[in-house]
Amino acid sequence: MSATLAGTRWVRADLRARKGQAVLTVLAVAGIVAALITAATLLEDGTNPWRGLFAETDGAHVWLYTDGSPQAALGAIDGVTATAGPYRSVPVTVAQDGRKEPAALRAMPATPPAVAHPVVAEGRWLDPAQPDGVVVERSFASALALRVGAPFTIIALSGERHTLYVRGIADTADQGFYPEWTPGLAYVLPPMLDRIEPGRSEWVTGLRLADPDASQVVSQRVVVMLEDELQRVYTWREVRAAMELDNRLLGTMLALFGVVGLVAAALALANAAGGRVLGQLRDLATLKSMGFTRGQVALLLLVEHGALGLLGVALGALAGWGVMAAVLGATSVAPAPVLLIVAGTAVVVLAAVGLPAWRGSRTPPIPAAPAVPPRGHLSRLARLALLVRLPPALVLGTRDAFTRRTPAFLTAFGLAVPMMMITIGLGVWATLDNFLSHPEQVGQHASLYVRPAKLEPAAAERIAGQDKDVAEIYPGADVNALAPGEARSVRVRAIGASTKPYPFPVVEGRMYGRPGEAVAGQGLLDLLGLRIGDRVRLTVGGSPLIVRIVGRTVEPDLDGEVLSVGLDSLAAKDSVPPEFYALALKPGADPAEVRGRLLADSAEGLDVQAVVNPADRLAIIRVVIVALIAVLALIGLANLLTASALGLRDHAFDLAVLKAMGLTPRQVMATLVTGTGLLVVLGVGAGAAVGASVVKGLIDLQGDTSGVGAGIGRAPSPLTLAVAVVVAVGTALAVALIPARRAARAQVPVTSR
Amino acid sequence: MTPVLKTVRLVKIYQDGAVPVPAVRGVDLQVEPGEFVAIMGPSGSGKSTLVHMLGGLDTRTSGEIWLDDHRVDTLSESAWALLRRKKIGFVFQFFNLVANMTVGDNVELPALLAGASPKVARERRESLLGALNLGERADAAPAQLSGGEQQRVALARALANQPSVLLADEPTGNLDSRNTRDVLRLLGDVHKEGQTIVMVTHDARVASLADRVVSLFDGEIADDGRIARRRTGTVGEVIDLR
């Protein structure tokens, strides 16, 4: 108790004496925490939109389809808190721009229900004053390129056409996104639905549960209760899975950056606390001579520096949460990752200040001996430098840089870690760029896929072949095959002939050269436990497909669980006629332009789809990279300021002596800047070198585990790397220059310490 | 009467390098209550080491230290710290005020540490600083004070808990003659009020203020004698002899 009072006084006085440094420490930690939370939330939101949508729409956990309006008391099932519907639903076909898409028209009242109410993103909700209005689910609307006010033509089961008008576009968590989840969803008012389809329909009911984990049990109850009435039932898990992007790459990236960012932050904090403690050894000794015990001194330091870190964690969490809540809405921030980040950083912060605190507490209680930097000696390198008549400021600075070995190491290391991460970030950036500039390296040699929707396959091939920008046409078919021993099917993609194969990016083994040979993605090899050279027997629609795997491709689709063969390896029933044609375009051709031309030439009889580059799906990574680079730079800066402050403290006395010896202020400044700058160059150089050497391997490792397969990683270009290093070193030197300039100009009296 | 402080064959050997360096070699010393002992000797004679060991700042290699009839050389570092709070006051050559804290806080710190309430600590600080003519400087930073003033603050801090013994390590070593005189006068005053003082100095004129001068040479007591002099003499006169 008594020590608490006395300790509080000391901590307060110390913090007052170094406000600037304390604020920087708090900001650095807060920045990291805020960035981590922001990144985690952005990724979570970008890769798993279900959670946000579900919260926004007060979604239902279980959805069930019945022939008639369900007669059982579904709301009375244990754990069900509310029900949505039952709503009448009618299958229709939407005719839009010559395409016909399956849709479910659902009758919803004009006042949205409390549970599972679609949230209108554009336009307005259904209004009885406009009975021909329809509200279209957003992903369905964007797939059909529908805007508010556009006509919405549907063909009922009877073949009758009705034209409705889009009044609104809404988000919902009732089902997954179109076209992964079909049919598409649109809402109309009940009277309209009765007019369109008076007869055949099904009923949809949503159940909101108290405990989401009970959805399995509840759906089993539903199955038992409704028996034959029930057509199908699905839970929120299926919806979420359908909405989820493959976020393993993102998740791993974030985890890597987060963990290393934390390590860097911990280093910065340990460095700052360590530097401060080193500067305070004499005061600490005085405290001990007054009767502070070793433990109390350690606690004092731990509390002081730890409190700064924890304050930073709290501020960062608040800021990150606040920004995300303001931008994406209060429900968008997932509590679990935020808590994890806060707890993780708090632990790291305390661990980081623990060591300096412990070291400070070990100070002998004799304050008479002020902390003197250990005597540096002129190394062989320095002697050599003097011998070749390098400027003395450079030599002295070099010597100063290594006077204190541990802080020198910590400074260089503290800069190397952020720099390494920045390099890795740039490498990821370069990899994404490479995806974009060389799509053929990720299996996207063809940039358009043409399906003969209304035309004969031969006509489709002819039209595609006539286009001036089409370089090559590969007929192809996608079939699902049952894998041996797996209760699931895998995708078999057949394109081109075995003798004239589609140029898959084969990174291991070789390309298939005759029927009966295949190449596979890493995901498939892992799934079936295969190796190159193995023979595998699959079943395609009842007929066996036996192929020998002769190579591994980079496979960005379906987690790499794809087997690629020549079309002639498939049985004729699956390959004739071809399901689609993959079009490789001539260099420089614009896929959108070609697509437009093909549609026009075929009078919209073709279904032409442009491939989506994986880099486009991963665009959010770039935002994350920029944000993390900013935070890493902040960490580096904090390290640098500590180093420079420590250097000045150690050399304040020497400065006067140096001046007395006849060094000009400019030389003194150069000495100081060299002292810090050398460590900067070492740290940044080492960081960039290590980063550049591991980045390819890391991305490939990530590719390997995510099924894409190794072979995608790219190091940042030498130019980018050089620019990054120069910018880092330049900024660091500029930052080091300010205190050095001030110190060089200050009048330092030569007095005893 | 039991001595306040007693050492029995106290030895300190530094083991820093390959060769052990003996600093204190078997010192037997007794300090009676209210006594003012000056420890003199050339530099390297072990006087600072001795006084550091007496205050538990340094560990002894062998021998015994008794404080207020309790053996203390066997205490742990923490136990020594607790002991220092109440029984030992330290004054150092370089004042060693905590630079970030105000003069007032520096003086209040030991009182707070010893368990006094903030109110009591404040009252004690006010009376101490008042007695040392530093009442108005309580809110100043130590760096704003002259060396003599800093040392007076250090003295106030050392006396804050009315310690059994005041250990002073070259308290005037870093002061000019005028400030030396002021500080010595204060030491004389507190001694007159019954404070036991052990002071290390290499200055014979400073030592002459004490009741008893112990001369150390190469870590051993070379001479231990009481100073016979008129009790009417003041410190000022002694110093003015310069």
# chains A, B, ... in the order shown; residues from 1 in each chain; ligands from 1
$ interface_residues --of "chain A" --to "chain B" --cutoff "10 Å" --atoms "only C-alpha atoms" --output "number ranges by chain"
A: 1-7, 9-18, 280, 282-296, 364-370, 752-753
$ select_by_dssp --residues "region 120-218 of chain B" --states "strand (DSSP E or B)" --output "list of chain:residue names"
B:Val165, B:Leu166, B:Leu167, B:Ala168, B:Asp169, B:Thr196, B:Ile197, B:Val198, B:Met199, B:Val200, B:Arg212, B:Val213, B:Val214, B:Ser215, B:Leu216, B:Phe217
$ write_last_selection --atoms "C-alpha atoms" --output "PDB file, in the first residue's frame"
ATOM      1  CA  VAL B 165      21.444   6.172  11.383  1.00  0.00           C
ATOM      2  CA  LEU B 166      22.231   8.662   8.632  1.00  0.00           C
ATOM      3  CA  LEU B 167      24.831   7.394   6.176  1.00  0.00           C
ATOM      4  CA  ALA B 168      26.496  10.130   4.167  1.00  0.00           C
ATOM      5  CA  ASP B 169      28.870   9.293   1.318  1.00  0.00           C
ATOM      6  CA  THR B 196      23.494   9.196  14.657  1.00  0.00           C
ATOM      7  CA  ILE B 197      25.627   9.956  11.599  1.00  0.00           C
ATOM      8  CA  VAL B 198      28.247   7.995   9.705  1.00  0.00           C
ATOM      9  CA  MET B 199      29.932  10.178   7.111  1.00  0.00           C
ATOM     10  CA  VAL B 200      32.543   9.234   4.531  1.00  0.00           C
ATOM     11  CA  ARG B 212      35.176  10.569  16.069  1.00  0.00           C
ATOM     12  CA  VAL B 213      37.308   9.970  13.023  1.00  0.00           C
ATOM     13  CA  VAL B 214      37.962   6.462  11.709  1.00  0.00           C
ATOM     14  CA  SER B 215      40.803   6.279   9.209  1.00  0.00           C
ATOM     15  CA  LEU B 216      40.736   3.516   6.673  1.00  0.00           C
ATOM     16  CA  PHE B 217      43.747   2.423   4.725  1.00  0.00           C
TER      17      PHE B 217
END
$ residues_around --residues "region 26-35 of chain A" --least-positions-apart "3" --cutoff "10 Å" --atoms "only C-alpha atoms" --output "PyMOL selection string"
chain A and resi 20-23+38-41+258+261-262+264-266+268-269+305+307-324+338+341-342+344-346+349+624+627-628+630-638
$ write_last_selection --atoms "C-alpha atoms" --output "PDB file, in the first residue's frame"
ATOM      1  CA  GLY A  20       6.002  12.921 -26.261  1.00  0.00           C
ATOM      2  CA  GLN A  21       7.546   9.499 -26.070  1.00  0.00           C
ATOM      3  CA  ALA A  22       4.641   8.168 -24.048  1.00  0.00           C
ATOM      4  CA  VAL A  23       2.172   9.472 -26.612  1.00  0.00           C
ATOM      5  CA  THR A  38      -9.884  -3.069 -39.173  1.00  0.00           C
ATOM      6  CA  ALA A  39      -8.169  -5.650 -41.312  1.00  0.00           C
ATOM      7  CA  ALA A  40      -9.830  -8.543 -39.529  1.00  0.00           C
ATOM      8  CA  THR A  41     -13.241  -6.949 -39.860  1.00  0.00           C
ATOM      9  CA  GLY A 258      -0.748  -9.644 -37.610  1.00  0.00           C
ATOM     10  CA  GLY A 261       3.282  -6.883 -36.753  1.00  0.00           C
ATOM     11  CA  LEU A 262       2.718  -7.747 -33.137  1.00  0.00           C
ATOM     12  CA  ALA A 264       7.507  -5.812 -34.329  1.00  0.00           C
ATOM     13  CA  ALA A 265       5.313  -3.782 -32.012  1.00  0.00           C
ATOM     14  CA  ALA A 266       6.532  -5.781 -29.057  1.00  0.00           C
ATOM     15  CA  ALA A 268       9.332  -1.384 -30.461  1.00  0.00           C
ATOM     16  CA  LEU A 269       7.777  -1.344 -27.038  1.00  0.00           C
ATOM     17  CA  HIS A 305       5.264   0.924 -19.452  1.00  0.00           C
ATOM     18  CA  ALA A 307      -0.083   0.842 -18.756  1.00  0.00           C
ATOM     19  CA  LEU A 308       1.029   2.832 -21.794  1.00  0.00           C
ATOM     20  CA  GLY A 309       0.828  -0.279 -23.941  1.00  0.00           C
ATOM     21  CA  LEU A 310      -2.524  -1.301 -22.529  1.00  0.00           C
ATOM     22  CA  LEU A 311      -3.843   2.205 -23.018  1.00  0.00           C
ATOM     23  CA  GLY A 312      -2.728   1.904 -26.624  1.00  0.00           C
ATOM     24  CA  VAL A 313      -4.500  -1.438 -26.919  1.00  0.00           C
ATOM     25  CA  ALA A 314      -7.687   0.052 -25.490  1.00  0.00           C
ATOM     26  CA  LEU A 315      -7.543   3.138 -27.677  1.00  0.00           C
ATOM     27  CA  GLY A 316      -6.736   1.075 -30.742  1.00  0.00           C
ATOM     28  CA  ALA A 317      -9.554  -1.335 -30.062  1.00  0.00           C
ATOM     29  CA  LEU A 318     -11.941   1.556 -29.554  1.00  0.00           C
ATOM     30  CA  ALA A 319     -10.745   3.347 -32.674  1.00  0.00           C
ATOM     31  CA  GLY A 320     -10.756   0.227 -34.827  1.00  0.00           C
ATOM     32  CA  TRP A 321     -14.155  -0.776 -33.579  1.00  0.00           C
ATOM     33  CA  GLY A 322     -15.481   2.755 -33.902  1.00  0.00           C
ATOM     34  CA  VAL A 323     -14.279   3.200 -37.459  1.00  0.00           C
ATOM     35  CA  MET A 324     -15.616  -0.157 -38.533  1.00  0.00           C
ATOM     36  CA  VAL A 338     -11.622  -8.328 -31.719  1.00  0.00           C
ATOM     37  CA  ILE A 341      -6.694  -9.291 -30.938  1.00  0.00           C
ATOM     38  CA  VAL A 342      -7.133  -7.276 -27.740  1.00  0.00           C
ATOM     39  CA  GLY A 344      -3.243 -11.133 -27.732  1.00  0.00           C
ATOM     40  CA  THR A 345      -1.809  -7.640 -27.928  1.00  0.00           C
ATOM     41  CA  ALA A 346      -2.276  -7.117 -24.196  1.00  0.00           C
ATOM     42  CA  VAL A 349       2.600  -5.782 -24.529  1.00  0.00           C
ATOM     43  CA  VAL A 624      -4.820  -4.702 -46.165  1.00  0.00           C
ATOM     44  CA  ALA A 627      -2.820  -0.399 -44.122  1.00  0.00           C
ATOM     45  CA  LEU A 628      -0.288  -2.805 -42.695  1.00  0.00           C
ATOM     46  CA  ALA A 630       1.485   2.151 -42.724  1.00  0.00           C
ATOM     47  CA  VAL A 631       1.389   0.512 -39.324  1.00  0.00           C
ATOM     48  CA  LEU A 632       4.725  -1.210 -39.857  1.00  0.00           C
ATOM     49  CA  ALA A 633       6.239   2.121 -40.827  1.00  0.00           C
ATOM     50  CA  LEU A 634       4.892   3.565 -37.588  1.00  0.00           C
ATOM     51  CA  ILE A 635       6.510   0.760 -35.640  1.00  0.00           C
ATOM     52  CA  GLY A 636       9.786   1.336 -37.415  1.00  0.00           C
ATOM     53  CA  LEU A 637       9.539   5.021 -36.611  1.00  0.00           C
ATOM     54  CA  ALA A 638       8.967   4.337 -32.930  1.00  0.00           C
TER      55      ALA A 638
END
$ residues_around --residues "Leu415 (chain A)" --least-positions-apart "6" --cutoff "8 Å" --atoms "only C-alpha atoms" --output "list in words"
Gly636, Asn639, Leu640, Val680, Gly683, Val684 and Gly687 of chain A
$ write_last_selection --atoms "C-alpha atoms" --output "PDB file, in the first residue's frame"
ATOM      1  CA  GLY A 636       9.786   1.336 -37.415  1.00  0.00           C
ATOM      2  CA  ASN A 639      12.040   2.113 -32.903  1.00  0.00           C
ATOM      3  CA  LEU A 640      14.059   4.740 -34.638  1.00  0.00           C
ATOM      4  CA  VAL A 680      18.942   1.790 -40.111  1.00  0.00           C
ATOM      5  CA  GLY A 683      18.166  -3.249 -40.397  1.00  0.00           C
ATOM      6  CA  VAL A 684      16.377  -2.167 -43.541  1.00  0.00           C
ATOM      7  CA  GLY A 687      14.869  -6.979 -43.565  1.00  0.00           C
TER       8      GLY A 687
END
$ select_by_dssp --residues "region 67-306 of chain A" --states "helix (DSSP H, G or I)" --output "VMD selection string"
chain A and resid 74 to 76 138 to 143 190 to 196 212 to 229 236 to 243 248 to 279 281 to 290 294 to 306
$ closest_residue --among "B:Gly41, B:Gly17, B:Pro22, B:Pro3" --to "Asp223 (chain B)" --atoms "only C-alpha atoms"
B:Gly41
$ residues_around --residues "Ile154 (chain A)" --least-positions-apart "5" --cutoff "8 Å" --atoms "only C-alpha atoms" --output "list in words"
Val92, Thr93, Val94, Ala95, Arg161, His162, Thr163 and Leu164 of chain A
$ atom_distance --atom1 "CA of Val327 (chain A)" --atom2 "CA of Val119 (chain A)"
17.0 Å
$ residues_around --residues "Gly199 (chain A)" --least-positions-apart "4" --cutoff "12 Å" --atoms "only C-alpha atoms" --output "PyMOL selection string"
chain A and resi 67-68+88-91+156-158+193-195
$ closest_residue --among "B:Val21, B:Leu5, B:Leu50, B:Leu128" --to "Pro33 (chain B)" --atoms "only C-alpha atoms"
B:Leu5
$ atom_distance --atom1 "CA of Arg491 (chain A)" --atom2 "CA of Leu558 (chain A)"
8.3 Å
